[in-house]
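A.B. asks: Just data-v3.cif, nothing more (mmCIF, C-alpha atoms (C1' of nucleotides)):
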```cif
data_query
#
loop_
_atom_site.label_atom_id
_atom_site.label_comp_id
_atom_site.auth_asym_id
_atom_site.auth_seq_id
_atom_site.Cartn_x
_atom_site.Cartn_y
_atom_site.Cartn_z
CA MET U 294 59.33 155.65 107.24
CA ASN U 295 59.97 157.00 110.64
CA ASN U 296 62.74 159.37 111.42
CA THR U 297 63.44 158.13 114.93
CA THR U 298 65.38 154.99 114.11
CA LYS U 299 66.60 153.53 117.36
CA ILE U 300 70.32 153.55 117.70
CA ARG U 301 72.24 150.92 119.63
CA THR U 302 73.85 152.06 122.81
CA TYR U 303 76.53 150.57 125.03
CA SER U 304 77.34 150.70 128.70
CA ILE U 305 80.86 151.44 129.82
CA SER U 306 81.47 147.80 130.69
CA ASP U 307 80.08 146.63 127.35
CA LEU U 308 82.83 148.56 125.65
CA ALA U 309 85.40 147.58 128.24
CA LYS U 310 84.69 143.92 127.56
CA GLU U 311 84.55 144.26 123.80
CA PHE U 312 87.89 146.00 123.55
CA ASP U 313 89.54 144.42 126.56
CA VAL U 314 90.31 147.62 128.43
CA THR U 315 89.28 148.71 131.91
CA THR U 316 86.49 151.15 132.61
CA ARG U 317 89.12 153.36 134.15
CA THR U 318 90.76 153.61 130.76
CA ILE U 319 87.52 154.59 129.07
CA ARG U 320 86.78 157.29 131.62
CA PHE U 321 90.32 158.54 131.28
CA TYR U 322 89.91 158.86 127.52
CA GLU U 323 86.79 160.91 128.10
CA GLN U 324 88.66 163.16 130.51
CA GLN U 325 91.26 163.68 127.78
CA GLY U 326 88.54 164.74 125.35
CA LEU U 327 88.58 161.65 123.14
CA LEU U 328 85.06 160.46 123.97
CA ASN U 329 81.84 162.29 124.65
CA PRO U 330 79.21 159.85 125.85
CA ALA U 331 75.64 160.95 126.60
CA ARG U 332 74.33 160.70 130.13
CA GLN U 333 71.31 159.07 131.67
CA GLY U 334 71.41 160.66 135.07
CA GLN U 335 74.97 160.03 136.08
CA THR U 336 75.45 156.97 133.98
CA ARG U 337 77.37 157.16 130.72
CA ILE U 338 75.63 155.97 127.56
CA TYR U 339 77.85 155.27 124.57
CA SER U 340 76.70 155.57 120.96
CA PRO U 341 78.13 153.70 117.97
CA LYS U 342 80.07 156.86 117.20
CA ASP U 343 81.68 156.72 120.64
CA ARG U 344 82.45 153.10 120.01
CA VAL U 345 84.22 153.88 116.75
CA ARG U 346 86.22 156.60 118.45
CA LEU U 347 87.36 154.18 121.11
CA MET U 348 88.30 151.69 118.43
CA LEU U 349 90.31 154.28 116.55
CA THR U 350 91.99 155.48 119.72
CA LEU U 351 93.12 151.97 120.54
CA ARG U 352 94.35 151.37 117.04
CA GLY U 353 96.21 154.65 117.22
CA LYS U 354 97.84 153.45 120.41
CA ARG U 355 98.99 150.25 118.76
CA LEU U 356 100.60 152.40 116.12
CA GLY U 357 102.39 154.59 118.62
CA PHE U 358 100.03 157.59 118.60
CA SER U 359 99.71 159.45 121.86
CA LEU U 360 96.20 160.18 123.08
CA ALA U 361 96.81 163.86 122.35
CA GLU U 362 97.70 163.08 118.75
CA SER U 363 94.59 160.98 118.26
CA LYS U 364 92.51 163.73 119.76
CA GLU U 365 94.04 166.26 117.41
CA LEU U 366 93.19 164.11 114.41
CA PHE U 367 89.62 163.61 115.63
CA ASP U 368 89.11 167.29 116.26
CA MET U 369 90.51 168.23 112.89
CA TYR U 370 88.45 165.66 111.10
CA ASP U 371 85.29 166.88 112.84
CA SER U 372 85.95 170.48 111.88
CA THR U 373 86.88 169.75 108.27
CA THR U 374 83.63 171.12 106.94
CA GLU U 375 83.85 174.43 108.77
CA GLY U 376 87.59 174.98 108.84
CA ASP U 377 89.06 178.09 107.30
CA GLU U 378 91.87 177.96 104.76
CA LYS U 379 94.65 178.21 107.29
CA GLN U 380 93.19 175.40 109.38
CA LEU U 381 92.78 173.20 106.32
CA LEU U 382 96.32 173.75 105.15
CA TYR U 383 97.54 172.97 108.64
CA MET U 384 95.54 169.77 108.63
CA LEU U 385 96.89 168.74 105.23
CA ASN U 386 100.34 169.30 106.64
CA ILE U 387 99.66 167.04 109.61
CA LEU U 388 98.11 164.39 107.42
CA GLU U 389 101.18 164.38 105.20
CA LYS U 390 103.40 163.90 108.22
CA LYS U 391 101.31 161.03 109.49
CA GLN U 392 101.47 159.39 106.11
CA ALA U 393 105.24 159.68 106.17
CA ASP U 394 105.27 158.13 109.64
CA MET U 395 103.19 155.25 108.38
CA ARG U 396 105.44 154.68 105.39
CA GLN U 397 108.43 154.54 107.73
CA GLN U 398 106.60 152.18 110.02
CA LEU U 399 105.70 149.95 107.11
CA ARG U 400 109.39 149.64 106.24
CA ASP U 401 110.24 148.98 109.90
CA ILE U 402 107.69 146.21 110.09
CA GLN U 403 108.80 144.55 106.91
CA ARG U 404 112.40 144.48 108.07
CA LEU U 405 111.49 143.20 111.47
CA GLN U 406 109.37 140.47 109.92
CA GLU U 407 112.34 139.30 107.90
CA GLU U 408 114.54 139.31 110.95
CA LEU U 409 112.00 137.46 113.03
CA ASN U 410 111.87 134.84 110.30
CA ASN U 411 115.65 134.54 110.33
CA ALA U 412 115.70 134.23 114.10
CA GLU U 413 113.02 131.59 113.95
CA GLU U 414 114.96 129.57 111.42
CA ARG U 415 118.12 129.83 113.43
CA CYS U 416 116.23 128.83 116.51
CA MET U 417 114.74 125.76 114.84
CA ASP U 418 118.18 124.70 113.66
CA ALA U 419 119.54 124.97 117.18
CA LEU U 420 116.57 122.99 118.45
CA ASN U 421 117.17 120.20 115.93
CA LYS U 422 120.80 120.03 116.96
CA VAL U 423 119.87 119.72 120.60
CA ARG U 424 117.38 116.97 119.78
CA SER U 425 119.67 114.94 117.58
CA GLY U 426 122.24 115.20 120.37
CA LYS U 427 119.71 113.70 122.73
CA ARG U 428 119.05 110.80 120.39
CA GLN U 429 122.76 110.03 120.21
CA LYS U 430 122.94 109.96 123.98
CA GLN U 431 119.95 107.62 124.18
CA LYS U 432 121.56 105.25 121.71
CA ALA U 433 124.82 105.33 123.59
CA GLY U 434 123.20 105.10 127.03
CA MET J 254 146.31 138.66 105.45
CA ASN J 255 146.45 140.10 108.88
CA ASN J 256 144.14 139.06 111.60
CA THR J 257 143.95 142.42 113.33
CA THR J 258 141.59 144.19 110.98
CA LYS J 259 140.84 147.54 112.53
CA ILE J 260 137.23 147.96 113.49
CA ARG J 261 135.49 151.31 113.41
CA THR J 262 134.53 152.77 116.72
CA TYR J 263 132.16 155.55 117.71
CA SER J 264 131.96 158.03 120.55
CA ILE J 265 128.73 158.51 122.40
CA SER J 266 128.05 161.78 120.65
CA ASP J 267 128.80 160.25 117.26
CA LEU J 268 125.93 157.87 117.80
CA ALA J 269 123.77 160.54 119.38
CA LYS J 270 124.12 162.68 116.28
CA GLU J 271 123.66 159.85 113.83
CA PHE J 272 120.44 158.64 115.40
CA ASP J 273 119.21 161.95 116.71
CA VAL J 274 118.96 160.98 120.35
CA THR J 275 120.63 162.49 123.41
CA THR J 276 123.65 161.01 125.12
CA ARG J 277 121.44 160.63 128.14
CA THR J 278 119.28 158.25 126.16
CA ILE J 279 122.25 156.15 125.11
CA ARG J 280 123.57 155.89 128.64
CA PHE J 281 120.12 154.98 129.84
CA TYR J 282 119.91 152.15 127.32
CA GLU J 283 123.21 150.85 128.63
CA GLN J 284 121.91 150.99 132.18
CA GLN J 285 118.93 148.92 131.05
CA GLY J 286 121.27 146.30 129.61
CA LEU J 287 120.68 147.04 125.92
CA LEU J 288 124.19 148.22 125.12
CA ASN J 289 127.61 147.13 126.33
CA PRO J 290 130.25 149.55 125.07
CA ALA J 291 133.95 149.04 125.77
CA ARG J 292 135.80 151.54 127.90
CA GLN J 293 138.91 153.58 127.40
CA GLY J 294 139.47 154.79 130.89
CA GLN J 295 136.08 156.13 131.79
CA THR J 296 135.06 156.96 128.28
CA ARG J 297 132.69 154.71 126.40
CA ILE J 298 133.79 153.31 123.06
CA TYR J 299 131.08 151.93 120.81
CA SER J 300 131.60 149.16 118.26
CA PRO J 301 129.60 148.56 115.09
CA LYS J 302 127.75 145.87 117.01
CA ASP J 303 126.72 148.43 119.64
CA ARG J 304 125.64 150.69 116.85
CA VAL J 305 123.40 148.02 115.35
CA ARG J 306 121.90 147.35 118.73
CA LEU J 307 121.07 150.99 119.16
CA MET J 308 119.53 151.05 115.71
CA LEU J 309 117.41 148.00 116.49
CA THR J 310 116.36 149.41 119.84
CA LEU J 311 115.15 152.61 118.21
CA ARG J 312 113.33 150.73 115.49
CA GLY J 313 111.74 148.62 118.19
CA LYS J 314 110.58 151.77 119.89
CA ARG J 315 108.97 153.04 116.71
CA LEU J 316 107.08 149.76 116.58
CA GLY J 317 105.88 150.03 120.16
CA PHE J 318 108.39 147.69 121.82
CA SER J 319 109.37 148.56 125.36
CA LEU J 320 113.06 148.62 126.15
CA ALA J 321 112.57 145.49 128.24
CA GLU J 322 111.06 143.65 125.28
CA SER J 323 113.90 144.61 123.00
CA LYS J 324 116.38 143.49 125.60
CA GLU J 325 114.64 140.16 125.91
CA LEU J 326 114.85 139.61 122.18
CA PHE J 327 118.54 140.56 122.12
CA ASP J 328 119.38 138.29 125.01
CA MET J 329 117.52 135.39 123.48
CA TYR J 330 119.10 135.90 120.12
CA ASP J 331 122.56 135.99 121.69
CA SER J 332 122.00 132.75 123.56
CA THR J 333 120.47 130.88 120.64
CA THR J 334 123.56 128.76 120.12
CA GLU J 335 123.83 127.61 123.70
CA GLY J 336 120.20 127.51 124.72
CA ASP J 337 118.70 124.28 125.98
CA GLU J 338 115.53 122.83 124.50
CA LYS J 339 113.19 124.55 126.94
CA GLN J 340 114.79 127.93 126.27
CA LEU J 341 114.58 127.44 122.53
CA LEU J 342 110.93 126.46 122.64
CA TYR J 343 110.24 129.49 124.79
CA MET J 344 112.00 131.68 122.28
CA LEU J 345 110.06 130.22 119.37
CA ASN J 346 106.93 130.98 121.32
CA ILE J 347 107.93 134.61 121.80
CA LEU J 348 108.93 134.94 118.16
CA GLU J 349 105.55 133.63 117.07
CA LYS J 350 103.83 136.20 119.26
CA LYS J 351 105.89 139.03 117.87
CA GLN J 352 105.10 137.92 114.35
CA ALA J 353 101.41 137.98 115.19
CA ASP J 354 101.84 141.49 116.61
CA MET J 355 103.51 142.58 113.41
CA ARG J 356 100.77 141.10 111.25
CA GLN J 357 98.18 142.98 113.30
CA GLN J 358 100.20 146.16 113.04
CA LEU J 359 100.48 145.73 109.29
CA ARG J 360 96.70 145.58 109.05
CA ASP J 361 96.39 148.61 111.33
CA ILE J 362 98.73 150.60 109.17
CA GLN J 363 97.03 149.71 105.94
CA ARG J 364 93.66 150.78 107.30
CA LEU J 365 95.04 153.97 108.70
CA GLN J 366 96.70 154.77 105.39
CA GLU J 367 93.37 154.44 103.62
CA GLU J 368 91.71 156.65 106.16
CA LEU J 369 94.43 159.25 105.95
CA ASN J 370 93.95 159.29 102.20
CA ASN J 371 90.22 159.78 102.63
CA ALA J 372 90.76 162.57 105.11
CA GLU J 373 93.22 164.22 102.77
CA GLU J 374 90.77 164.09 99.90
CA ARG J 375 87.99 165.47 102.02
CA CYS J 376 90.28 168.17 103.24
CA MET J 377 91.30 169.17 99.71
CA ASP J 378 87.66 169.36 98.70
CA ALA J 379 86.90 171.66 101.61
CA LEU J 380 89.90 173.76 100.69
CA ASN J 381 88.75 174.12 97.10
CA LYS J 382 85.32 175.18 98.27
CA VAL J 383 86.80 177.84 100.52
CA ARG J 384 88.99 179.11 97.67
CA SER J 385 86.23 179.22 95.06
CA GLY J 386 84.16 181.08 97.64
CA LYS J 387 86.95 183.62 97.93
CA ARG J 388 87.07 184.09 94.15
CA GLN J 389 83.33 184.76 94.10
CA LYS J 390 83.74 187.40 96.74
CA GLN J 391 86.59 189.02 94.83
CA LYS J 392 84.46 189.15 91.67
CA ALA J 393 81.56 190.60 93.60
CA GLY J 394 83.70 193.01 95.61
"C1'" DA L 280 147.99 178.46 131.88
"C1'" DT L 281 143.34 178.49 131.33
"C1'" DT L 282 139.36 178.10 128.89
"C1'" DT L 283 136.47 175.21 126.02
"C1'" DT L 284 134.91 170.88 124.76
"C1'" DC L 285 133.70 166.19 125.75
"C1'" DC L 286 133.09 162.98 128.75
"C1'" DT L 287 131.72 160.91 133.41
"C1'" DT L 288 128.53 159.63 137.65
"C1'" DT L 289 124.78 160.64 140.84
"C1'" DA L 290 120.46 162.09 141.68
"C1'" DC L 291 116.19 164.23 141.57
"C1'" DG L 292 112.26 165.72 138.31
"C1'" DT L 293 108.61 164.83 134.87
"C1'" DA L 294 104.89 163.56 131.41
"C1'" DA L 295 101.85 159.94 129.78
"C1'" DA L 296 98.70 156.47 130.70
"C1'" DC L 297 96.67 154.34 133.38
"C1'" DG L 298 96.04 151.29 138.38
"C1'" DT L 299 94.07 151.29 142.72
"C1'" DC L 300 91.70 152.53 146.55
"C1'" DA L 301 87.81 155.11 148.96
"C1'" DA L 302 83.33 156.58 149.53
"C1'" DC L 303 79.23 156.97 147.56
"C1'" DC L 304 74.52 156.24 144.42
"C1'" DT L 305 70.91 153.17 142.33
"C1'" DT L 306 68.57 149.44 140.90
"C1'" DG L 307 66.96 144.94 140.07
"C1'" DA L 308 66.85 140.38 142.53
"C1'" DT L 309 65.88 137.62 146.64
"C1'" DA G 231 64.32 145.31 153.32
"C1'" DT G 232 68.72 144.40 151.99
"C1'" DC G 233 72.21 143.08 149.26
"C1'" DA G 234 74.96 142.24 145.29
"C1'" DA G 235 76.15 144.23 140.77
"C1'" DG G 236 77.30 147.91 138.29
"C1'" DG G 237 77.85 152.87 138.03
"C1'" DT G 238 79.93 157.53 139.74
"C1'" DT G 239 83.70 161.04 141.28
"C1'" DG G 240 87.92 162.16 143.49
"C1'" DA G 241 92.60 161.45 144.64
"C1'" DC G 242 96.88 159.42 145.22
"C1'" DG G 243 100.27 155.66 143.38
"C1'" DT G 244 103.08 153.51 139.66
"C1'" DT G 245 105.81 152.44 135.54
"C1'" DT G 246 108.45 153.80 131.48
"C1'" DA G 247 111.65 156.60 129.31
"C1'" DC G 248 113.95 159.79 129.56
"C1'" DG G 249 115.16 165.45 131.01
"C1'" DT G 250 117.88 168.29 133.73
"C1'" DA G 251 121.06 169.97 136.93
"C1'" DA G 252 125.24 169.38 139.92
"C1'" DA G 253 129.93 168.37 140.34
"C1'" DG G 254 133.79 166.88 138.48
"C1'" DG G 255 137.94 164.52 135.27
"C1'" DA G 256 140.77 164.80 130.95
"C1'" DA G 257 142.24 166.55 126.72
"C1'" DA G 258 142.61 169.88 123.05
"C1'" DA G 259 142.69 174.63 121.54
"C1'" DT G 260 144.05 179.41 122.43
#
```
Kindly present the structure from the file in C-alpha cells form.
C.D. replies:
Amino acid sequence: MNNTTKIRTYSISDLAKEFDVTTRTIRFYEQQGLLNPARQGQTRIYSPKDRVRLMLTLRGKRLGFSLAESKELFDMYDSTTEGDEKQLLYMLNILEKKQADMRQQLRDIQRLQEELNNAEERCMDALNKVRSGKRQKQKAG
Amino acid sequence: MNNTTKIRTYSISDLAKEFDVTTRTIRFYEQQGLLNPARQGQTRIYSPKDRVRLMLTLRGKRLGFSLAESKELFDMYDSTTEGDEKQLLYMLNILEKKQADMRQQLRDIQRLQEELNNAEERCMDALNKVRSGKRQKQKAG
DNA sequence: ATTTTCCTTTACGTAAACGTCAACCTTGAT
DNA sequence: ATCAAGGTTGACGTTTACGTAAAGGAAAAT
C-alpha cells in the first residue's frame, strides 16, 4: 500500500458550477473564514473537505443560518478534540439551541405544508369553476 | 342573535409584545403591503386577521421567505375567488414551487438534526475524557 | 397643569451577502 | 506571437430588513 493516495481537487469554477453559486460567493466565504483552500501559486485549489464545507454552508443558508453561525459551528466542531471543559459545555449549549431551532422549524414546515395543500385545493376548485363557466358560455354562444 | 359581534382588536404594542418584534418592524411590514390595520384617528387598530397575517409573515421569515414572497402569497390567496384562469394557473405553479422548497428544507433539517446529534455525542465524549483526566490528576495530586 | 406614556411620520443609518466593475496574471490553443 | 479562457485582488454598489433619532400629537396619570 502506498500512503500518498491522490486526493481529488476542484477549481473554483468546478465548485461554482456544481453548487450553482458564483465564484464571487466562494471567495467571499473564504474571506469570512468558512473555507481554506490550498494554493498553487495564486490559484485556489479546493479539497473534498473544502467541498463539504461549502455544501454545509449552503445548506445552512437554506435553513436560515448566517455565515457567522455556520463558521462558529465549523470552528467548534474542529476544536472538539482539544477543547477544554468550558468550551465543550458552551458548545453543548449551542448545539441544544440549534436543535430547538430545528424542532421549531420542523413544526413551521409541517404547518406550512398543510396550508399550501389547502391553498392548492382551493385554487383547483376556483379553476374548475372558471372552466365550467367557460363551457356554459360556449354552449350558449 | 345579533349581527354586531364585537371583534377583538390589538394595539401595535400588543402585537409587538406578543410576537417579540419592535413596533418599527410592524410598521415596516405595513409599508411593504403585508398588513392593513384600520385607523382610529392616526392610531393603528389591528384586527385578528391582521394578527394572523403578522404571525404568518414571521413564520415565513423563519422559513427563509422574503417579505415580498410572503406578500405575493397573501395577495394570491386573497384573490383566489376572483382570479381568472391564467392567474390561477400561475398561482398553482407558485404553490408547487413552494411545496418543493419545503420538501427540500425538510430533508435539510433531518440531515442537520442527525449531524447535530452526532456532534453532541462527540462533544459529550470529549467532555467525559476531560473530566476523567481531572479526576486522575486529583488522585495523583 | 404638566409630566409620562403611547402613538405618529419622516428620514437617515446599518449589517449581511453578495454583484459588478477594473486592472491585472498565466497558460494552453491557434 | 497573440488571444481567449480562466484565475487573482481590490473597491465600490446594491438589496433586504430593519435600527435609531428627531419632532411632534393625544390621552391618561399625578
A.B. asks: Please expand the PyMOL selection byres ((chain G) within 9 of (chain U)) into the concrete residues it hits in this file, giving the result as number ranges by chain.
C.D. replies: G: 236-238
A.B. asks: Identify every residue of chain L that has at least one atom within 10 Å of any atom of chain U, counting all atoms listed in the file, and report the result as a list in words.
C.D. replies: DA295, DA296, DC297, DG298 and DC304 of chain L
A.B. asks: Quick one: everything within 12 Å of DA235 (chain G), counting all atoms listed in the file, minus sequence neighbours fewer than 2 positions away in the same chain. Send it as a list in words.
C.D. replies: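 Surrounding residues, per the criterion: Ser306 of chain U; DT305, DT306, DG307 and DA308 of chain L; DC233 and DG237 of chain G.
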A.B. asks: Would you export the selected residues with C-alpha atoms (C1' of nucleotides) as an mmCIF file, keeping the file's coordinate frame, please?
C.D. replies:
```cif
data_model
loop_
_atom_site.group_PDB
_atom_site.id
_atom_site.type_symbol
_atom_site.label_atom_id
_atom_site.label_comp_id
_atom_site.auth_asym_id
_atom_site.auth_seq_id
_atom_site.Cartn_x
_atom_site.Cartn_y
_atom_site.Cartn_z
ATOM 1 C CA SER U 306 81.470 147.800 130.690
ATOM 2 C "C1'" DT L 305 70.910 153.170 142.330
ATOM 3 C "C1'" DT L 306 68.570 149.440 140.900
ATOM 4 C "C1'" DG L 307 66.960 144.940 140.070
ATOM 5 C "C1'" DA L 308 66.850 140.380 142.530
ATOM 6 C "C1'" DC G 233 72.210 143.080 149.260
ATOM 7 C "C1'" DG G 237 77.850 152.870 138.030
#
```
A.B. asks: Between CA of Val305 (chain J) and CA of Leu288 (chain J), what is the distance in Å, rounded to a tenth?
C.D. replies: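 For CA of Val305 (chain J) relative to CA of Leu288 (chain J), the distance reads 9.8 Å.
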A.B. asks: Run the PyMOL selection byres ((chain U) within 10 of (chain J)) against the file shown and list the residues it catches, as a VMD selection string.
C.D. replies: chain U and resid 349 352 to 358 366 369 to 370 372 to 382 384 to 389 391 to 399 401 to 407 409 to 410 412 to 424
A.B. asks: Mind pulling up the distance from CA of Asp343 (chain U) to CA of Ala331 (chain U)?
C.D. replies: 9.5 Å
A.B. asks: Provide the CA of Tyr303 (chain U) to CA of Asp371 (chain U) distance in Å, to one decimal place.
C.D. replies: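 About the pair CA of Tyr303 (chain U) and CA of Asp371 (chain U): they are 22.2 Å apart.
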A.B. asks: Using all atoms listed in the file, which protein or nucleic acid residues come within 8 Å of Thr262 (chain J)? Drop anything in the same chain fewer than 5 positions from it, and give the result as a list in words.
C.D. replies: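 Listed by chain and then number, they are Ile298, Tyr299, Ser300 and Pro301 of chain J.
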A.B. asks: Quick check on the file I pasted: which residues fall under the PyMOL selection byres ((chain L and resi 280) around 12)? Write them as a PyMOL selection string.
C.D. replies: (chain L and resi 281-282) or (chain G and resi 260)
A.B. asks: With 8 Å added on each side, what axis-aligned box encloses every listed atom of region 350-356 of chain J? Give the centre and edge lengths in Å to one decimal, as AutoDock Vina command-line options.
C.D. replies:
```
--center_x 103.3 --center_y 139.4 --center_z 115.3 --size_x 21.1 --size_y 22.4 --size_z 24.0
```
A.B. asks: Could you name the residues that touch DT293 (chain L) at 12 Å or less, counting only C-alpha atoms (C1' of nucleotides), but leaving out those on the same chain fewer than 3 positions away, as number ranges by chain?
C.D. replies: G: 246-250
A.B. asks: So which residues fall inside 10 Å of (81.4, 156.5, 147.7) if we count all atoms listed in the file? Mind giving them as a PyMOL selection string?
C.D. replies: (chain L and resi 301-304) or (chain G and resi 238-240)
